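What follows is one structure encoded as structure tokens, with my remarks underneath.
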Amino acid sequence: MDIVPIYKRVIGLDVHQAQITGCAIVEHPDGSVTYERREFGGFKRDRKALAEWAHAIGPDVVVMESTDILEEPVCGTGIGWYRCLGSQRPPRQGSAGSQDR
């Protein structure tokens with residue numbers, strides 16, 4: 001059984017308090033694949049640089065790793081809203097994901 005790619009251009013984000021790591025995987029029309037890994041700080045200027053980097057790649061989808069369950073999309077980068085993926089464990093008491101809304 002062959003694995004068939006669903007998306008040709010993907011960015012994955014690993015978000016921490018002081019650093020965001022982005023990894024882009026792009027399949028080109030000739031079938032070659034390129035990988036690019038970048039690290040960004042947590043300040044507004046760093047998030048803007050991340051948004052510009054992502055916009056230049058033009059991904060089909062951007063996904064985010066999280067150690068909490070996200071009830072609302074929080075990945076707005078100024079260039080669009082992206083699907084956010086949370087972990088399967090219940091939120092910690094007092095975390096944003098555990099608040100009643």
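Residue numbers start at 1 in each chain; chains themselves are named A, B, ... in the order of the structure tokens; ligands are numbered from 1 in the order shown.
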Strand (DSSP E) residues, from DSSP on the backbone, in range 21-70 of chain A, as a PyMOL selection string: chain A and resi 21-27+33-41+61-65
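With only C-alpha atoms as the atoms that count, the minimum distance from Ile20 in chain A to the choices A:Asp46, A:Asp2, A:Glu36, A:Glu52 is reached by A:Asp46.
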Nearest to Ala49 in chain A, chosen from A:Val61, A:Gly12, A:Gly22, A:Asp30, with only C-alpha atoms counted in the distances: A:Gly22
Minimum-distance residue to Glu39 in chain A, chosen among A:Glu65, A:Ile57, A:Ala24, A:Tyr7 (using only C-alpha atoms): A:Ala24
Pairwise distance for CA of Gly42 in chain A and CA of Thr21 in chain A, rounded to one decimal in Å: 10.3 Å
Nearest to Ala18 in chain A by atom-to-atom distance, counting only C-alpha atoms, from A:Gly41, A:Lys48, A:Met1, A:Val63: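 Among the listed residues, A:Gly41 lies closest to Ala18 in chain A.
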